[in-house]
Number of protein chains: 2
Amino acid sequence: MQFQTPYLMFLGDAQDALAAKTAAGIAYWRPDWCVGQLRLPGCKVDLNLPDMSLEEAAAEGARTLVVGVANRGGTLSEDWLPVLAEALERGLDLANGLHKRLTDFPALKALAQSRGRQIADIRHPDREFPIADGKPRAGKRLLTVGTDCSIGKMFTALAIERELKRRGQQADFRATGQTGILIAGSGVSVDAVVSDFVAGAVEALCPAADPNHWDLIEGQGSLFHPSYAGVSLGLLHGAQPTALVMCHEPTRRHMRGLPHYPLPPLQDCIDATLDAARLTSPEAAFVGVSINTSALDASAADSILKQTEDATGLTCIDPLRTGVAALVDHL
Amino acid sequence: MQFQTPYLMFLGDAQDALAAKTAAGIAYWRPDWCVGQLRLPGCKVDLNLPDMSLEEAAAEGARTLVVGVANRGGTLSEDWLPVLAEALERGLDLANGLHKRLTDFPALKALAQSRGRQIADIRHPDREFPIADGKPRAGKRLLTVGTDCSIGKMFTALAIERELKRRGQQADFRATGQTGILIAGSGVSVDAVVSDFVAGAVEALCPAADPNHWDLIEGQGSLFHPSYAGVSLGLLHGAQPTALVMCHEPTRRHMRGLPHYPLPPLQDCIDATLDAARLTSPEAAFVGVSINTSALDASAADSILKQTEDATGLTCIDPLRTGVAALVDHL
C-alpha cells in the first residue's frame with residue numbers, strides 16, 4: 001500500500017488521546033505530512049494541528065484523509081459517512097485504520113471509483129501469506145513487546161530505528177499496525193491477518209537480511225491481554241527476535257478495555273515472553289525496558305526507571321524523556 | 001452453515017492418512033452420512049468406503065461432495081476443478097475444508113449459482129465476531145490441547161462428549177476445525193478467523209451455559225508449534241476451560257510439517273498450557289492425558305500409558321484403545 005501525502009487527520013468525535021493514537025502517532029513522527037486536523041462536534045482530542053474543513057484542507061494540498069481514530073473493536077460511526085464522502089468529492093483519498101472496511105459501504109466505493117480516488121483499508125491486507133516455517137534466518141531483529149496494548153511499542157521501535165540510523169547503522173522499522181504502516185509507508189496489520197498466517201506474515205515482513213542489518217519490529221498487544229494474546233504470540237514466533245524490549249506504563253491499573261484484568265507483574269511478562277520467544281529464536285534476550293513515564297513528574301520518572309533497572313537488571317529508558325541511546329548501546 | 005447429507009468423500013490424490021484426516025474423521029464419527037469415496041489416480045488413502053464415480057454417488061443419493069483433503073497450507077490442486085464442476089452438474093453441493101476458497105473460482109461459482117447448488121467454504125466464516133472480553137461465564141468447559149497438530153484433539157473431545165451423554169450428562173461438542181464442523185453440523189474454523197477476533201469467536205462458540213452443562217471444545221495446534229501457536233493461545237483464552245486434556249502421540253519425532261522442530265517434552269507443554277490458561281480461567285486444571293498409541297502394540301501402549309501416568313500424575317487414556325471413561329470419571 002502506498003499513500004499520497006500530505007494527510008488531513010480525521011479525529012471524529014474521539015474522547016481521549018488513546019482513541020486517537022493513530023492520528024497522534026503520525027502527527028508526531030511525520031509532522032511534515034500533516035496539514036491539519038478535522039474534528040467533529042464533541043471531539044475531545046487536539047493534535048495541535050490547524051483545524052480545517054475539507055474545503056480548506058483541499059486548498060492546502062491535502063491528498064489523503066486519514067481516519068485516525070481507533071475505537072475498541074474498530075467500529076465506525078455512521079455519522080462519519082457524509083464527511084468521508086465529501087472528502088472523496090473534494091479529491092482526497094481515504095486511508096482507514098479501522099477493522100470495518102470503508103469499501104463495504106457501496107456508496108463510498110462507487111463514489112471513489114467515479115472520482116478516481118483510492119480507499120485504502122489498511123487493516124485488510126489483500127495479499128496472501130505463507131504458513132510460517134520457523135527456519136532460522138540471517139539478520140538482526142529487535143521486537144518491542146508489552147505488558148498491555150497501547151503502551152509504547154511502536155514509539156519505542158521507531159525511536160530505536162532513528163537512533164541506529166543516527167549512528168550509521170543499517171536499520172528498518174517494520175510496521176505491524178495501522179499507525180506504523182502510515183508512518184513507514186508499508187507493513188502488515190497483523191491483527192487483521194487470518195490467524196493461521198500471522199507468524200508467516202511476520203516472517204515475510206522481516207525476511208533474511210544482511211547479518212549487520214537491524215529490523216526494528218513493532219509489537220502488538222501482550223501475551224497477558226485476554227483479547228489479543230494470540231496475535232502477540234504469532235507475531236513473536238514469526239519475528240524470531242534476537243533482541244526484545246519490554247514496554248510498560250507503570251501507572252496503568254488494568255488491561256486496556258478490560259477493567260476486570262489487572263496488568264501482569266513486569267517480571268512475569270518478561271519471563272513468559274522470553275520462554276515463548278525461545279521456541280523460534282533460542283538466543284533471544286531482553287536488552288531493555290521502555291517505560292512510558294508521561295503520567296509522572298521528573299522525579300517519579302527517574303525513580304521508577306531506577307527501581308525497574310534494579311529489579312530486572314535491564315537498562316530502562318523512556319524514549320521521550322531519556323531517549324533510547326542507553327538501550328541502543330546494547331545492540 | 002448447514003450441510004445436506006449424505007456425503008461423498010473426495011480424497012483427491014492424498015498421499016497419507018494425515019492428509020485425509022478430514023474425510024477419515026467424518027467417516028469414523030458419521031458413517032451413516034458417507035455413501036462412498038471418490039479417489040483420483042495415485043491416491044494412497046482408503047477410507048473403506050465404496051469407491052464411486054460422481055454418477056454412481058448421485059444415484060446413491062449423495063447430496064454433498066466433501067473436499068476432505070487437508071494439505072499443509074490448504075492448497076488446492078487445479079486438477080480437481082473438473083471433478084468439482086461435474087459434482088455440481090450432477091446436483092451435489094460442495095463442502096470444502098481448505099483455506100483456498102472454491103468460490104474464488106468464477107466458473108465454479110457461476111455453475112453453482114446456475115444449478116442452485118451451495119458451495120460451503122467451511123474455513124471462511126462469513127460472520128463477524130466480537131473482541132473477547134474475558135469475563136467469567138457459567139457452565140463447564142473442557143478444552144483438548146496438544147503437543148502438536150493432528151494429534152487427537154478432535155477425536156478426544158468427541159469421545160468425551162459421547163461418554164458424557166452415555167452417562168446422561170448435558171454435553172455438546174464444540175467444533176473449531178473443518179472436520180469437526182462437518183461432524184457437528186456447526187462451529188467456527190478458528191484458524192480462518194482474523195487474528196484479533198479468535199478469542200472472541202471462541203467465547204461466542206461456547207457461551208455461558210447451565211452450571212452442569214459441559215462444552216467439549218476441540219483444540220487446535222499447539223503452543224509449541226511455530227506456525228500456529230498464536231491460534232492455540234487465542235483459542236485457549238477464549239475457551240476459559242475449567243478442565244484441560246493434553247493430547248500426545250509418543251512416537252512422533254517432530255512438529256507436523258517442520259522436521260527442524262522436535263516435539264516439546266510433555267510436561268513442559270502441560271505446564272506452559274496451564275500457565276497460559278489461568279489468565280482467563282484461574283481454576284483451570286488438567287484432568288488427563290489422551291495418548292494416541294495407534295503406532296504401538298498393546299504391550300508398548302500399556303507401558304507408555306502407565307509411564308505417562310506415573311510421570312504426570314494424571315489419568316492417561318487412549319480414546320480408541322482404552323476409551324475415555326477413566327478420564328470422564330474426573331469430570
# chains A, B, ... in the order shown; residues from 1 in each chain; ligands from 1
call {"tool": "residues_around", "arguments": {"residues": "B:Met154", "least_positions_apart": "4", "cutoff": "8 Å", "atoms": "only C-alpha atoms", "output": "PyMOL selection string"}}
result
chain B and resi 144+158+175+180+218-219
call {"tool": "residues_around", "arguments": {"residues": "A:Leu327", "least_positions_apart": "6", "cutoff": "8 Å", "atoms": "only C-alpha atoms", "output": "PyMOL selection string"}}
result
chain A and resi 287-288+315-317
call {"tool": "residues_around", "arguments": {"residues": "stretch 2-5 of chain A", "least_positions_apart": "3", "cutoff": "10 Å", "atoms": "only C-alpha atoms", "output": "MDAnalysis selection string"}}
result
chainID A and resid 8 32:35 61:66 92:95 118:120 181:186
call {"tool": "select_by_dssp", "arguments": {"residues": "stretch 62-186 of chain A", "states": "strand (DSSP E or B)", "output": "number ranges by chain"}}
result
A: 64-67, 93-96, 119-121, 140-146, 171-174
call {"tool": "select_by_dssp", "arguments": {"residues": "stretch 158-306 of chain A", "states": "alpha helix (DSSP H)", "output": "NGL selection string"}}
result
:A and (158-166 or 178-184 or 198-205 or 229-239 or 266-277 or 298-306)
call {"tool": "closest_atom_pairs", "arguments": {"of": "chain A", "to": "chain B", "cutoff": "6 Å", "atoms": "only C-alpha atoms", "output": "CSV"}}
result
residue,atom,partner,partner_atom,distance
A:Ala132,CA,B:Ser227,CA,4.7
A:Gly134,CA,B:Pro226,CA,5.8
A:Asp191,CA,B:Asp196,CA,4.9
A:Ala192,CA,B:Val194,CA,5.4
A:Val193,CA,B:Val194,CA,5.4
A:Val194,CA,B:Val194,CA,4.1
A:Ser195,CA,B:Ser195,CA,4.2
A:Asp196,CA,B:Asp191,CA,4.9
A:Ala199,CA,B:Ser227,CA,6.0
A:Pro226,CA,B:Gly134,CA,5.8
A:Ser227,CA,B:Ala132,CA,4.7
A:Tyr228,CA,B:Asp196,CA,5.9
A:Gly230,CA,B:Gly230,CA,4.0
A:Val231,CA,B:Gly230,CA,5.8
A:Leu233,CA,B:Gly230,CA,4.9
A:Gly234,CA,B:Gly230,CA,4.4
call {"tool": "decode", "arguments": {"residues": "stretch 22-72 of chain B", "atoms": "N, CA and C atoms", "output": "short mmCIF file (atom, residue, chain, number, x, y, z; two decimals), in the first residue's frame"}}
result
data_model
loop_
_atom_site.label_atom_id
_atom_site.label_comp_id
_atom_site.auth_asym_id
_atom_site.auth_seq_id
_atom_site.Cartn_x
_atom_site.Cartn_y
_atom_site.Cartn_z
N THR B 22 -9.60 -35.06 7.48
CA THR B 22 -10.98 -34.56 7.48
C THR B 22 -11.95 -35.66 7.04
N ALA B 23 -11.65 -36.24 5.91
CA ALA B 23 -12.52 -37.30 5.38
C ALA B 23 -12.59 -38.48 6.35
N ALA B 24 -11.45 -38.87 6.90
CA ALA B 24 -11.41 -40.03 7.79
C ALA B 24 -12.21 -39.76 9.07
N GLY B 25 -12.11 -38.55 9.57
CA GLY B 25 -12.83 -38.21 10.80
C GLY B 25 -14.34 -38.26 10.60
N ILE B 26 -14.78 -37.73 9.48
CA ILE B 26 -16.23 -37.75 9.20
C ILE B 26 -16.70 -39.20 9.04
N ALA B 27 -15.92 -39.98 8.29
CA ALA B 27 -16.31 -41.38 8.05
C ALA B 27 -16.37 -42.16 9.37
N TYR B 28 -15.49 -41.84 10.30
CA TYR B 28 -15.46 -42.55 11.58
C TYR B 28 -16.66 -42.15 12.46
N TRP B 29 -16.90 -40.85 12.58
CA TRP B 29 -17.91 -40.38 13.53
C TRP B 29 -19.31 -40.33 12.94
N ARG B 30 -19.40 -40.25 11.63
CA ARG B 30 -20.71 -40.17 10.96
C ARG B 30 -20.76 -41.16 9.81
N PRO B 31 -20.56 -42.46 10.08
CA PRO B 31 -20.53 -43.44 8.98
C PRO B 31 -21.82 -43.45 8.17
N ASP B 32 -22.94 -43.20 8.84
CA ASP B 32 -24.22 -43.26 8.12
C ASP B 32 -24.37 -42.14 7.10
N TRP B 33 -23.54 -41.10 7.26
CA TRP B 33 -23.64 -39.97 6.32
C TRP B 33 -22.75 -40.14 5.10
N CYS B 34 -21.91 -41.16 5.06
CA CYS B 34 -20.90 -41.28 4.00
C CYS B 34 -21.27 -42.42 3.05
N VAL B 35 -21.76 -42.06 1.85
CA VAL B 35 -22.16 -43.12 0.94
C VAL B 35 -20.97 -43.73 0.20
N GLY B 36 -19.88 -42.99 0.07
CA GLY B 36 -18.75 -43.54 -0.67
C GLY B 36 -17.59 -42.58 -0.71
N GLN B 37 -16.54 -43.01 -1.41
CA GLN B 37 -15.35 -42.18 -1.58
C GLN B 37 -15.04 -42.06 -3.06
N LEU B 38 -14.45 -40.90 -3.41
CA LEU B 38 -14.05 -40.64 -4.80
C LEU B 38 -12.56 -40.35 -4.78
N ARG B 39 -11.79 -41.24 -5.45
CA ARG B 39 -10.33 -41.12 -5.40
C ARG B 39 -9.78 -40.91 -6.80
N LEU B 40 -8.77 -40.05 -6.91
CA LEU B 40 -8.12 -39.82 -8.20
C LEU B 40 -6.93 -40.76 -8.33
N PRO B 41 -6.43 -40.96 -9.55
CA PRO B 41 -5.27 -41.83 -9.74
C PRO B 41 -4.11 -41.37 -8.85
N GLY B 42 -3.45 -42.33 -8.21
CA GLY B 42 -2.32 -42.01 -7.34
C GLY B 42 -2.70 -41.84 -5.88
N CYS B 43 -3.99 -41.81 -5.60
CA CYS B 43 -4.43 -41.64 -4.21
C CYS B 43 -4.00 -42.88 -3.41
N LYS B 44 -3.39 -42.65 -2.25
CA LYS B 44 -2.90 -43.77 -1.44
C LYS B 44 -3.73 -43.96 -0.17
N VAL B 45 -4.85 -43.29 -0.08
CA VAL B 45 -5.69 -43.38 1.11
C VAL B 45 -6.94 -44.17 0.77
N ASP B 46 -7.39 -44.97 1.72
CA ASP B 46 -8.62 -45.74 1.54
C ASP B 46 -9.42 -45.66 2.84
N LEU B 47 -10.61 -45.12 2.77
CA LEU B 47 -11.45 -44.99 3.97
C LEU B 47 -12.34 -46.21 4.17
N ASN B 48 -12.14 -47.24 3.34
CA ASN B 48 -13.01 -48.42 3.39
C ASN B 48 -14.47 -48.07 3.15
N LEU B 49 -14.65 -47.07 2.32
CA LEU B 49 -15.98 -46.76 1.80
C LEU B 49 -16.02 -47.25 0.36
N PRO B 50 -17.19 -47.50 -0.18
CA PRO B 50 -17.26 -47.91 -1.58
C PRO B 50 -16.68 -46.83 -2.49
N ASP B 51 -15.80 -47.23 -3.41
CA ASP B 51 -15.32 -46.30 -4.43
C ASP B 51 -16.45 -46.03 -5.41
N MET B 52 -16.68 -44.75 -5.70
CA MET B 52 -17.80 -44.38 -6.56
C MET B 52 -17.39 -43.28 -7.51
N SER B 53 -17.94 -43.34 -8.71
CA SER B 53 -17.88 -42.17 -9.59
C SER B 53 -18.94 -41.18 -9.11
N LEU B 54 -18.87 -39.96 -9.64
CA LEU B 54 -19.90 -38.98 -9.30
C LEU B 54 -21.28 -39.46 -9.74
N GLU B 55 -21.31 -40.09 -10.90
CA GLU B 55 -22.59 -40.58 -11.41
C GLU B 55 -23.18 -41.62 -10.45
N GLU B 56 -22.32 -42.54 -9.99
CA GLU B 56 -22.80 -43.57 -9.06
C GLU B 56 -23.24 -42.95 -7.73
N ALA B 57 -22.44 -41.99 -7.24
CA ALA B 57 -22.77 -41.38 -5.95
C ALA B 57 -24.10 -40.65 -6.03
N ALA B 58 -24.32 -39.93 -7.14
CA ALA B 58 -25.59 -39.22 -7.29
C ALA B 58 -26.75 -40.22 -7.28
N ALA B 59 -26.53 -41.34 -7.94
CA ALA B 59 -27.58 -42.37 -7.97
C ALA B 59 -27.83 -42.95 -6.58
N GLU B 60 -26.79 -42.97 -5.74
CA GLU B 60 -26.93 -43.48 -4.36
C GLU B 60 -27.52 -42.43 -3.42
N GLY B 61 -27.77 -41.23 -3.94
CA GLY B 61 -28.40 -40.21 -3.11
C GLY B 61 -27.46 -39.22 -2.45
N ALA B 62 -26.17 -39.24 -2.81
CA ALA B 62 -25.23 -38.29 -2.20
C ALA B 62 -25.69 -36.86 -2.48
N ARG B 63 -25.63 -36.01 -1.46
CA ARG B 63 -26.09 -34.62 -1.60
C ARG B 63 -24.94 -33.62 -1.60
N THR B 64 -23.81 -34.01 -0.99
CA THR B 64 -22.70 -33.07 -0.87
C THR B 64 -21.38 -33.80 -1.13
N LEU B 65 -20.55 -33.19 -1.99
CA LEU B 65 -19.19 -33.68 -2.16
C LEU B 65 -18.32 -32.96 -1.14
N VAL B 66 -17.73 -33.71 -0.23
CA VAL B 66 -16.89 -33.12 0.81
C VAL B 66 -15.43 -33.19 0.36
N VAL B 67 -14.81 -32.01 0.20
CA VAL B 67 -13.39 -31.96 -0.13
C VAL B 67 -12.65 -32.17 1.18
N GLY B 68 -12.32 -33.44 1.42
CA GLY B 68 -11.83 -33.86 2.74
C GLY B 68 -10.34 -34.09 2.76
N VAL B 69 -9.61 -33.32 1.99
CA VAL B 69 -8.16 -33.48 1.90
C VAL B 69 -7.53 -32.18 2.37
N ALA B 70 -6.84 -32.22 3.50
CA ALA B 70 -6.27 -31.01 4.07
C ALA B 70 -4.77 -31.02 3.87
N ASN B 71 -4.31 -30.34 2.84
CA ASN B 71 -2.86 -30.20 2.66
C ASN B 71 -2.33 -29.14 3.61
N ARG B 72 -1.02 -29.20 3.86
CA ARG B 72 -0.38 -28.14 4.64
C ARG B 72 -0.53 -26.84 3.84
#
